[in-house]
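Below is one structure, written out as structure tokens; the observations come after it.
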Number of protein chains: 2
Amino acid sequence: MPAEPLTVISLPETAATVAAPRGAADLTEQRGVRRVSFRPKYGSDTVDVDVRYLWCGAPHAPTVIVQGGISADRDVCTGRERAAGWWQELVGHGAAIDLAACRVLSIDWLTPDDLGANVASVSSEDQAAALAALVDELGIGRVHAFVGSSYGAMTGLAFAAAYPEKLRSLVLIAGAHRPHPLATAQRSVQRGIVRLGLASGHVDEALGLARQLAMTTYRGSEEFSRRFTAGPELRDGRFHFPVEDYLEHAGRRFVERFDPERFLALSESIDLHDISPERVSTPTTLVGFPSDRLVPLADLCELQRRLAGTASLEVVDSPYGHDAFLKETVQLAPVLRHALNDCRGDR
Amino acid sequence: MPAEPLTVISLPETAATVAAPRGAADLTEQRGVRRVSFRPKYGSDTVDVDVRYLWCGAPHAPTVIVQGGISADRDVCTGRERAAGWWQELVGHGAAIDLAACRVLSIDWLTPDDLGANVASVSSEDQAAALAALVDELGIGRVHAFVGSSYGAMTGLAFAAAYPEKLRSLVLIAGAHRPHPLATAQRSVQRGIVRLGLASGHVDEALGLARQLAMTTYRGSEEFSRRFTAGPELRDGRFHFPVEDYLEHAGRRFVERFDPERFLALSESIDLHDISPERVSTPTTLVGFPSDRLVPLADLCELQRRLAGTASLEVVDSPYGHDAFLKETVQLAPVLRHALNDCRGDR
């Protein structure tokens, strides 16, 4: 059953307002900013940070934190001006993460800019600290579940390690306790390209190329093989390959919505991530994809083995590699429903 | 048994001279340049091309062509001024490719510069045409075997397709009838980086980054995982990851010995490669590595299935990915000995 879209109401940055979406009269939506305080991992002082969040779903229902990859934002299930959220198929009225039974909380990722002039890097622990402080600010008490994908999974693990009392259960999709060194290598090169762009004044081209490189790491190898079978085309004085045109298009789209400093900081944050699984006793559901070359299944197996609490590993077959967390909504839905199945009983 | 190094004698560019290496008195070495003529694939006219070659081994013994990757040169078994060749462990007196029993021929890869002002791209077929013309020039008649690795394997397949009468057998290591689209994607980004460097005047940094990206595609994923376990180091105002330091070092070394135009042309040449296996009836030994992400084993399986002649596939287990053709000399030696085992009987 497709998720029913929420009606979106633009709110002033610091307001928290209740909307009444059509056809789901008892759903609420808050889109706001709260100022919270914590000490960043790579800073020496406590800082005040403005956290931009979306909190929507059934009023008084248990809250489920949902966080995605570094290019995702708080608009999980609904964007401003009726744009679709990045996980629209899985979060909505009647969807796997059912807004009639729970309330989804998500934030825009913090960057070093948010942490003040003395902090050069942002950590997954900082994102977790901001979420934990926001949970307190909103009077949520204990979060029913943290569902994190990719960098969101890293942040979820950091949250569970630092704030076990604030969390009942954890769902980690395509993210682990540490980045794989090959993935770190690939991201290092991406950051090198962006730094070269900043140094040479060719920022857009460089950011586009970094995104192109990232795209080559997201999808499965066989998916590339199936999609790009045609030969090259001689155009503008050189050969262009179909996969190259696809990457260039994706690079240009990314440049329109992302800036280089944000990219550098969040990409680095993935590589700085390092949480001992032994510190985490929250019951955890891990979800991995065999075709994911960025977060190999072997790393999720190691994470499962080392977690201090109960941990199950769901292996979802998909040709989409790391992007399966965005693409395999039909296969992910029952996994999420099962992991959140006591959501109603938790009110 | 380690291969015995040849004594290297520097020769004038067009000369062909016989050397008498110490301890292998009957071995000869020619290092020269021959002018040959052929029509390039992406050109309309026949061009005269100077081909730089090394031809060394037992005089009057059958000739074995050996070609490596795009960054390899003709110095297969011995470089100028006693430097080691790039396949020194496998080519030498008493080695798997035994210079006491055969004579190895190898050329420096052609670039579009060699093909004249009207030709913008060089093909694996052009490299094969240059080798075929050189074989005629040197009076070799029929080549005992073509042993090609990576781009050298692509060239070997092109040679067998176009000049079957000049070749007895083919050994293709980590190279197939077409590039994998994911590998084309990765190389497209590398070329994009280099073009950005040329456009912005930051050529060395860009070529270094392109090489860094290439390095991430050469080694196996698990090898990265085993080698780079340490955490990052805060240096010069930012975090540096061990794998990043390794890549940057490799990038700088590459810049010292390669130029961007050559890189662009040979990288593109890999992606332009497209030979129908059905055209090739030469008996073929294929060698593949399961950890090779650049040339997946599945592509070698398809090649084996589609070749018109007899074809065997040797699967060599290795953590080194595509680089296994350089690293797994101990495992490759018996495969090469077997593939070339009638070398002596062929004189």
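Lettering and numbering for the structure tokens are positional, with chains as A, B, ... in the shown order, residues counted from 1 in each chain, and ligands counted from 1 in the shown order.
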Could you list the residues in chain B lying within 8 Å of chain A, using only C-alpha atoms, and format the result as JSON, numbers by chain?
{"B": [120, 180, 181, 182, 184, 185, 186, 188, 189, 192, 193, 196, 200, 201, 202, 205, 206, 209, 212, 213, 216, 221, 224, 225, 228, 229, 232, 238, 241, 243, 244, 247, 272]}
Which residue gives the smallest distance to B:Val47 among B:Leu115, B:Ala95, B:Leu105, B:Ala84, with only C-alpha atoms counted?
B:Leu115
Leaving out stretch 310-327 of chain B and any residue of its chain fewer than 4 positions from it, which residues lie within 7 Å of it when counting only C-alpha atoms, given as a PDB file with all heavy atoms, in the first residue's frame?
```pdb
ATOM      1  N   TRP B  87      58.147  -7.291 -15.219  1.00  0.00           N
ATOM      2  CA  TRP B  87      57.757  -8.697 -15.008  1.00  0.00           C
ATOM      3  C   TRP B  87      59.006  -9.558 -14.832  1.00  0.00           C
ATOM      4  O   TRP B  87      59.052 -10.703 -15.245  1.00  0.00           O
ATOM      5  CB  TRP B  87      56.903  -9.199 -16.179  1.00  0.00           C
ATOM      6  CG  TRP B  87      55.583  -9.780 -15.767  1.00  0.00           C
ATOM      7  CD1 TRP B  87      54.897  -9.570 -14.610  1.00  0.00           C
ATOM      8  CD2 TRP B  87      54.777 -10.685 -16.549  1.00  0.00           C
ATOM      9  NE1 TRP B  87      53.713 -10.270 -14.615  1.00  0.00           N
ATOM     10  CE2 TRP B  87      53.609 -10.953 -15.802  1.00  0.00           C
ATOM     11  CE3 TRP B  87      54.917 -11.278 -17.807  1.00  0.00           C
ATOM     12  CZ2 TRP B  87      52.594 -11.803 -16.260  1.00  0.00           C
ATOM     13  CZ3 TRP B  87      53.909 -12.109 -18.274  1.00  0.00           C
ATOM     14  CH2 TRP B  87      52.756 -12.369 -17.498  1.00  0.00           C
ATOM     15  N   SER B 149      48.652  -9.034 -20.330  1.00  0.00           N
ATOM     16  CA  SER B 149      47.981  -8.798 -19.056  1.00  0.00           C
ATOM     17  C   SER B 149      47.260  -7.450 -19.128  1.00  0.00           C
ATOM     18  O   SER B 149      47.805  -6.478 -19.650  1.00  0.00           O
ATOM     19  CB  SER B 149      49.001  -8.748 -17.910  1.00  0.00           C
ATOM     20  OG  SER B 149      49.713  -9.955 -17.823  1.00  0.00           O
ATOM     21  N   ILE B 173      45.673 -12.550 -19.414  1.00  0.00           N
ATOM     22  CA  ILE B 173      45.606 -12.455 -17.958  1.00  0.00           C
ATOM     23  C   ILE B 173      44.867 -11.171 -17.574  1.00  0.00           C
ATOM     24  O   ILE B 173      45.286 -10.070 -17.962  1.00  0.00           O
ATOM     25  CB  ILE B 173      47.029 -12.448 -17.349  1.00  0.00           C
ATOM     26  CG1 ILE B 173      47.813 -13.665 -17.839  1.00  0.00           C
ATOM     27  CG2 ILE B 173      46.975 -12.387 -15.829  1.00  0.00           C
ATOM     28  CD1 ILE B 173      49.280 -13.665 -17.428  1.00  0.00           C
ATOM     29  N   ALA B 174      43.774 -11.314 -16.833  1.00  0.00           N
ATOM     30  CA  ALA B 174      43.053 -10.148 -16.295  1.00  0.00           C
ATOM     31  C   ALA B 174      42.703  -9.128 -17.378  1.00  0.00           C
ATOM     32  O   ALA B 174      42.879  -7.918 -17.201  1.00  0.00           O
ATOM     33  CB  ALA B 174      43.849  -9.482 -15.165  1.00  0.00           C
ATOM     34  N   TYR B 218      42.550  -1.243  -8.215  1.00  0.00           N
ATOM     35  CA  TYR B 218      43.480  -2.319  -8.573  1.00  0.00           C
ATOM     36  C   TYR B 218      43.524  -3.443  -7.534  1.00  0.00           C
ATOM     37  O   TYR B 218      43.573  -4.616  -7.888  1.00  0.00           O
ATOM     38  CB  TYR B 218      44.901  -1.762  -8.763  1.00  0.00           C
ATOM     39  CG  TYR B 218      45.063  -0.877  -9.986  1.00  0.00           C
ATOM     40  CD1 TYR B 218      46.038   0.107 -10.037  1.00  0.00           C
ATOM     41  CD2 TYR B 218      44.230  -1.038 -11.092  1.00  0.00           C
ATOM     42  CE1 TYR B 218      46.189   0.919 -11.154  1.00  0.00           C
ATOM     43  CE2 TYR B 218      44.382  -0.220 -12.209  1.00  0.00           C
ATOM     44  CZ  TYR B 218      45.357   0.755 -12.226  1.00  0.00           C
ATOM     45  OH  TYR B 218      45.508   1.559 -13.329  1.00  0.00           O
ATOM     46  N   ARG B 219      43.588  -3.064  -6.261  1.00  0.00           N
ATOM     47  CA  ARG B 219      43.754  -4.078  -5.228  1.00  0.00           C
ATOM     48  C   ARG B 219      42.412  -4.630  -4.749  1.00  0.00           C
ATOM     49  O   ARG B 219      41.389  -3.954  -4.844  1.00  0.00           O
ATOM     50  CB  ARG B 219      44.518  -3.481  -4.032  1.00  0.00           C
ATOM     51  CG  ARG B 219      45.977  -3.193  -4.340  1.00  0.00           C
ATOM     52  CD  ARG B 219      46.757  -4.477  -4.509  1.00  0.00           C
ATOM     53  NE  ARG B 219      48.098  -4.228  -5.029  1.00  0.00           N
ATOM     54  CZ  ARG B 219      49.173  -4.063  -4.263  1.00  0.00           C
ATOM     55  NH1 ARG B 219      49.051  -4.106  -2.952  1.00  0.00           N
ATOM     56  NH2 ARG B 219      50.357  -3.882  -4.802  1.00  0.00           N
ATOM     57  N   GLY B 220      42.447  -5.827  -4.159  1.00  0.00           N
ATOM     58  CA  GLY B 220      41.243  -6.432  -3.613  1.00  0.00           C
ATOM     59  C   GLY B 220      40.770  -5.688  -2.373  1.00  0.00           C
ATOM     60  O   GLY B 220      41.552  -5.058  -1.661  1.00  0.00           O
ATOM     61  N   GLU B 222      39.598  -6.897   0.430  1.00  0.00           N
ATOM     62  CA  GLU B 222      40.093  -7.450   1.699  1.00  0.00           C
ATOM     63  C   GLU B 222      41.548  -7.086   1.957  1.00  0.00           C
ATOM     64  O   GLU B 222      41.979  -6.984   3.106  1.00  0.00           O
ATOM     65  CB  GLU B 222      39.911  -8.968   1.731  1.00  0.00           C
ATOM     66  CG  GLU B 222      38.465  -9.345   1.985  1.00  0.00           C
ATOM     67  CD  GLU B 222      38.198 -10.814   1.728  1.00  0.00           C
ATOM     68  OE1 GLU B 222      39.048 -11.643   2.102  1.00  0.00           O
ATOM     69  OE2 GLU B 222      37.146 -11.125   1.139  1.00  0.00           O
ATOM     70  N   GLU B 223      42.292  -6.890   0.886  1.00  0.00           N
ATOM     71  CA  GLU B 223      43.684  -6.490   1.068  1.00  0.00           C
ATOM     72  C   GLU B 223      43.741  -5.094   1.690  1.00  0.00           C
ATOM     73  O   GLU B 223      44.538  -4.830   2.593  1.00  0.00           O
ATOM     74  CB  GLU B 223      44.423  -6.533  -0.278  1.00  0.00           C
ATOM     75  CG  GLU B 223      45.901  -6.864  -0.148  1.00  0.00           C
ATOM     76  CD  GLU B 223      46.803  -5.718  -0.559  1.00  0.00           C
ATOM     77  OE1 GLU B 223      46.350  -4.832  -1.302  1.00  0.00           O
ATOM     78  OE2 GLU B 223      47.963  -5.710  -0.123  1.00  0.00           O
ATOM     79  N   PRO B 283      44.133 -20.906 -30.110  1.00  0.00           N
ATOM     80  CA  PRO B 283      44.017 -21.570 -28.794  1.00  0.00           C
ATOM     81  C   PRO B 283      44.406 -20.593 -27.683  1.00  0.00           C
ATOM     82  O   PRO B 283      45.448 -19.945 -27.775  1.00  0.00           O
ATOM     83  CB  PRO B 283      45.010 -22.729 -28.896  1.00  0.00           C
ATOM     84  CG  PRO B 283      45.190 -22.969 -30.358  1.00  0.00           C
ATOM     85  CD  PRO B 283      45.019 -21.639 -31.029  1.00  0.00           C
ATOM     86  N   THR B 284      43.561 -20.508 -26.671  1.00  0.00           N
ATOM     87  CA  THR B 284      43.712 -19.456 -25.669  1.00  0.00           C
ATOM     88  C   THR B 284      43.697 -20.001 -24.248  1.00  0.00           C
ATOM     89  O   THR B 284      42.893 -20.875 -23.917  1.00  0.00           O
ATOM     90  CB  THR B 284      42.578 -18.419 -25.829  1.00  0.00           C
ATOM     91  OG1 THR B 284      42.618 -17.880 -27.146  1.00  0.00           O
ATOM     92  CG2 THR B 284      42.713 -17.288 -24.808  1.00  0.00           C
ATOM     93  N   THR B 285      44.603 -19.491 -23.424  1.00  0.00           N
ATOM     94  CA  THR B 285      44.558 -19.716 -21.982  1.00  0.00           C
ATOM     95  C   THR B 285      44.152 -18.404 -21.329  1.00  0.00           C
ATOM     96  O   THR B 285      44.829 -17.385 -21.511  1.00  0.00           O
ATOM     97  CB  THR B 285      45.942 -20.134 -21.444  1.00  0.00           C
ATOM     98  OG1 THR B 285      46.379 -21.303 -22.145  1.00  0.00           O
ATOM     99  CG2 THR B 285      45.891 -20.404 -19.942  1.00  0.00           C
ATOM    100  N   LEU B 286      43.042 -18.425 -20.580  1.00  0.00           N
ATOM    101  CA  LEU B 286      42.608 -17.243 -19.843  1.00  0.00           C
ATOM    102  C   LEU B 286      43.009 -17.405 -18.386  1.00  0.00           C
ATOM    103  O   LEU B 286      42.936 -18.499 -17.835  1.00  0.00           O
ATOM    104  CB  LEU B 286      41.088 -17.083 -19.923  1.00  0.00           C
ATOM    105  CG  LEU B 286      40.500 -16.948 -21.320  1.00  0.00           C
ATOM    106  CD1 LEU B 286      38.974 -17.090 -21.275  1.00  0.00           C
ATOM    107  CD2 LEU B 286      40.864 -15.597 -21.909  1.00  0.00           C
ATOM    108  N   VAL B 287      43.437 -16.311 -17.770  1.00  0.00           N
ATOM    109  CA  VAL B 287      43.779 -16.341 -16.350  1.00  0.00           C
ATOM    110  C   VAL B 287      43.035 -15.203 -15.652  1.00  0.00           C
ATOM    111  O   VAL B 287      43.133 -14.044 -16.073  1.00  0.00           O
ATOM    112  CB  VAL B 287      45.299 -16.174 -16.115  1.00  0.00           C
ATOM    113  CG1 VAL B 287      45.625 -16.278 -14.626  1.00  0.00           C
ATOM    114  CG2 VAL B 287      46.094 -17.184 -16.931  1.00  0.00           C
ATOM    115  N   GLY B 288      42.279 -15.561 -14.613  1.00  0.00           N
ATOM    116  CA  GLY B 288      41.518 -14.547 -13.887  1.00  0.00           C
ATOM    117  C   GLY B 288      41.671 -14.693 -12.385  1.00  0.00           C
ATOM    118  O   GLY B 288      42.094 -15.740 -11.887  1.00  0.00           O
ATOM    119  N   PHE B 289      41.349 -13.618 -11.689  1.00  0.00           N
ATOM    120  CA  PHE B 289      41.488 -13.568 -10.225  1.00  0.00           C
ATOM    121  C   PHE B 289      40.133 -13.199  -9.619  1.00  0.00           C
ATOM    122  O   PHE B 289      39.575 -12.139  -9.946  1.00  0.00           O
ATOM    123  CB  PHE B 289      42.540 -12.525  -9.846  1.00  0.00           C
ATOM    124  CG  PHE B 289      43.821 -12.646 -10.630  1.00  0.00           C
ATOM    125  CD1 PHE B 289      44.112 -11.769 -11.673  1.00  0.00           C
ATOM    126  CD2 PHE B 289      44.719 -13.673 -10.365  1.00  0.00           C
ATOM    127  CE1 PHE B 289      45.271 -11.884 -12.412  1.00  0.00           C
ATOM    128  CE2 PHE B 289      45.890 -13.800 -11.105  1.00  0.00           C
ATOM    129  CZ  PHE B 289      46.173 -12.908 -12.130  1.00  0.00           C
ATOM    130  N   PRO B 290      39.610 -14.035  -8.713  1.00  0.00           N
ATOM    131  CA  PRO B 290      38.280 -13.745  -8.144  1.00  0.00           C
ATOM    132  C   PRO B 290      38.199 -12.389  -7.447  1.00  0.00           C
ATOM    133  O   PRO B 290      37.137 -11.776  -7.408  1.00  0.00           O
ATOM    134  CB  PRO B 290      38.065 -14.895  -7.148  1.00  0.00           C
ATOM    135  CG  PRO B 290      38.938 -16.004  -7.640  1.00  0.00           C
ATOM    136  CD  PRO B 290      40.131 -15.334  -8.260  1.00  0.00           C
ATOM    137  N   SER B 291      39.306 -11.883  -6.908  1.00  0.00           N
ATOM    138  CA  SER B 291      39.265 -10.595  -6.205  1.00  0.00           C
ATOM    139  C   SER B 291      39.437  -9.399  -7.141  1.00  0.00           C
ATOM    140  O   SER B 291      39.433  -8.258  -6.688  1.00  0.00           O
ATOM    141  CB  SER B 291      40.350 -10.557  -5.119  1.00  0.00           C
ATOM    142  OG  SER B 291      41.640 -10.664  -5.700  1.00  0.00           O
ATOM    143  N   ASP B 292      39.572  -9.665  -8.434  1.00  0.00           N
ATOM    144  CA  ASP B 292      39.754  -8.578  -9.408  1.00  0.00           C
ATOM    145  C   ASP B 292      38.409  -7.887  -9.639  1.00  0.00           C
ATOM    146  O   ASP B 292      37.517  -8.436 -10.268  1.00  0.00           O
ATOM    147  CB  ASP B 292      40.298  -9.161 -10.717  1.00  0.00           C
ATOM    148  CG  ASP B 292      40.687  -8.080 -11.736  1.00  0.00           C
ATOM    149  OD1 ASP B 292      40.304  -6.911 -11.549  1.00  0.00           O
ATOM    150  OD2 ASP B 292      41.377  -8.428 -12.712  1.00  0.00           O
ATOM    151  N   ARG B 293      38.280  -6.656  -9.124  1.00  0.00           N
ATOM    152  CA  ARG B 293      37.027  -5.920  -9.295  1.00  0.00           C
ATOM    153  C   ARG B 293      36.997  -5.157 -10.607  1.00  0.00           C
ATOM    154  O   ARG B 293      35.941  -4.746 -11.080  1.00  0.00           O
ATOM    155  CB  ARG B 293      36.826  -4.944  -8.119  1.00  0.00           C
ATOM    156  CG  ARG B 293      36.609  -5.647  -6.791  1.00  0.00           C
ATOM    157  CD  ARG B 293      36.634  -4.694  -5.601  1.00  0.00           C
ATOM    158  NE  ARG B 293      37.976  -4.189  -5.361  1.00  0.00           N
ATOM    159  CZ  ARG B 293      38.338  -2.903  -5.421  1.00  0.00           C
ATOM    160  NH1 ARG B 293      37.437  -1.988  -5.682  1.00  0.00           N
ATOM    161  NH2 ARG B 293      39.574  -2.543  -5.196  1.00  0.00           N
ATOM    162  N   LEU B 294      38.157  -4.978 -11.223  1.00  0.00           N
ATOM    163  CA  LEU B 294      38.242  -4.225 -12.473  1.00  0.00           C
ATOM    164  C   LEU B 294      37.863  -5.109 -13.671  1.00  0.00           C
ATOM    165  O   LEU B 294      37.188  -4.658 -14.586  1.00  0.00           O
ATOM    166  CB  LEU B 294      39.677  -3.701 -12.635  1.00  0.00           C
ATOM    167  CG  LEU B 294      39.919  -2.408 -13.373  1.00  0.00           C
ATOM    168  CD1 LEU B 294      39.084  -1.277 -12.823  1.00  0.00           C
ATOM    169  CD2 LEU B 294      41.399  -2.051 -13.297  1.00  0.00           C
ATOM    170  N   GLN B 304      35.526 -16.921 -22.357  1.00  0.00           N
ATOM    171  CA  GLN B 304      35.857 -18.331 -22.614  1.00  0.00           C
ATOM    172  C   GLN B 304      34.745 -19.013 -23.407  1.00  0.00           C
ATOM    173  O   GLN B 304      34.996 -19.735 -24.374  1.00  0.00           O
ATOM    174  CB  GLN B 304      36.069 -19.071 -21.294  1.00  0.00           C
ATOM    175  CG  GLN B 304      36.470 -20.534 -21.501  1.00  0.00           C
ATOM    176  CD  GLN B 304      36.411 -21.359 -20.229  1.00  0.00           C
ATOM    177  OE1 GLN B 304      35.711 -20.989 -19.280  1.00  0.00           O
ATOM    178  NE2 GLN B 304      37.127 -22.454 -20.205  1.00  0.00           N
TER     179      GLN B 304
END
```
Need the shell around B:Glu256: protein/DNA/RNA residues with any atom at most 10 Å away, counting only C-alpha atoms. Skip same-chain ones fewer than 3 positions apart. Format as a PyMOL selection string?
chain B and resi 204+208+251-253+259
Save the residues we just selected, all heavy atoms, as a compact mmCIF listing (two decimals), in the first residue's frame?
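Output below, filename result00.txt:
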```txt
# COMPACT_ATOMS: atom_id res chain seq x y z
N ASP B 204 49.63 18.32 -12.25
CA ASP B 204 50.26 17.28 -11.44
C ASP B 204 49.32 16.77 -10.35
O ASP B 204 49.19 15.55 -10.14
CB ASP B 204 51.55 17.79 -10.80
CG ASP B 204 52.69 17.87 -11.81
OD1 ASP B 204 52.46 17.53 -12.99
OD2 ASP B 204 53.80 18.27 -11.41
N GLY B 208 47.88 13.00 -10.22
CA GLY B 208 48.08 12.23 -8.99
C GLY B 208 46.77 11.70 -8.43
O GLY B 208 46.68 10.54 -8.02
N GLY B 251 50.30 8.31 -5.96
CA GLY B 251 49.96 9.35 -6.94
C GLY B 251 51.18 10.16 -7.33
O GLY B 251 51.43 10.41 -8.51
N ARG B 252 51.96 10.58 -6.33
CA ARG B 252 53.16 11.39 -6.61
C ARG B 252 54.17 10.62 -7.45
O ARG B 252 54.77 11.15 -8.38
CB ARG B 252 53.80 11.84 -5.30
CG ARG B 252 53.10 13.03 -4.65
CD ARG B 252 53.93 13.59 -3.49
NE ARG B 252 54.13 12.62 -2.41
CZ ARG B 252 53.31 12.48 -1.37
NH1 ARG B 252 52.24 13.24 -1.25
NH2 ARG B 252 53.55 11.57 -0.44
N ARG B 253 54.36 9.33 -7.12
CA ARG B 253 55.32 8.53 -7.90
C ARG B 253 54.89 8.41 -9.35
O ARG B 253 55.71 8.42 -10.27
CB ARG B 253 55.45 7.13 -7.29
CG ARG B 253 56.35 7.09 -6.07
CD ARG B 253 56.75 5.67 -5.77
NE ARG B 253 55.64 4.74 -6.09
CZ ARG B 253 55.68 3.44 -5.91
NH1 ARG B 253 56.76 2.89 -5.41
NH2 ARG B 253 54.66 2.66 -6.21
N ASP B 259 52.73 11.20 -18.18
CA ASP B 259 52.19 12.53 -18.47
C ASP B 259 50.70 12.42 -18.75
O ASP B 259 50.18 11.36 -19.10
CB ASP B 259 52.96 13.21 -19.60
CG ASP B 259 52.69 12.57 -20.93
OD1 ASP B 259 51.69 12.91 -21.58
OD2 ASP B 259 53.49 11.69 -21.31
```
Find the residues around stretch 70-73 of chain B up to 7 Å (only C-alpha atoms counted), leave out those fewer than 4 positions away in its own chain, and share them as a VMD selection string.
chain B and resid 86 107 to 109 151 266
Those of stretch 237-337 of chain A in DSSP alpha helix (DSSP H), formatted as a VMD selection string:
chain A and resid 242 to 257 260 to 272 297 to 306 324 to 327 329 to 337
Top pick for closest residue to A:Gly92, considering A:Asp75, A:Asp236, A:Glu328, A:Asp50 and counting only C-alpha atoms
A:Asp75
Run DSSP on the backbone and give me the residues of stretch 80-229 of chain B it puts in strand (DSSP E or B), as a PyMOL selection string.
chain B and resi 84+91-93+97-98+103-107+143-149+167-173
Please identify all polymer residues within 10 Å of B:Leu134, counting only C-alpha atoms, omitting same-chain residues fewer than 3 positions from it, and present them as a ChimeraX atom specification.
/B:33-37,50-53,105,107,128-131,137-140
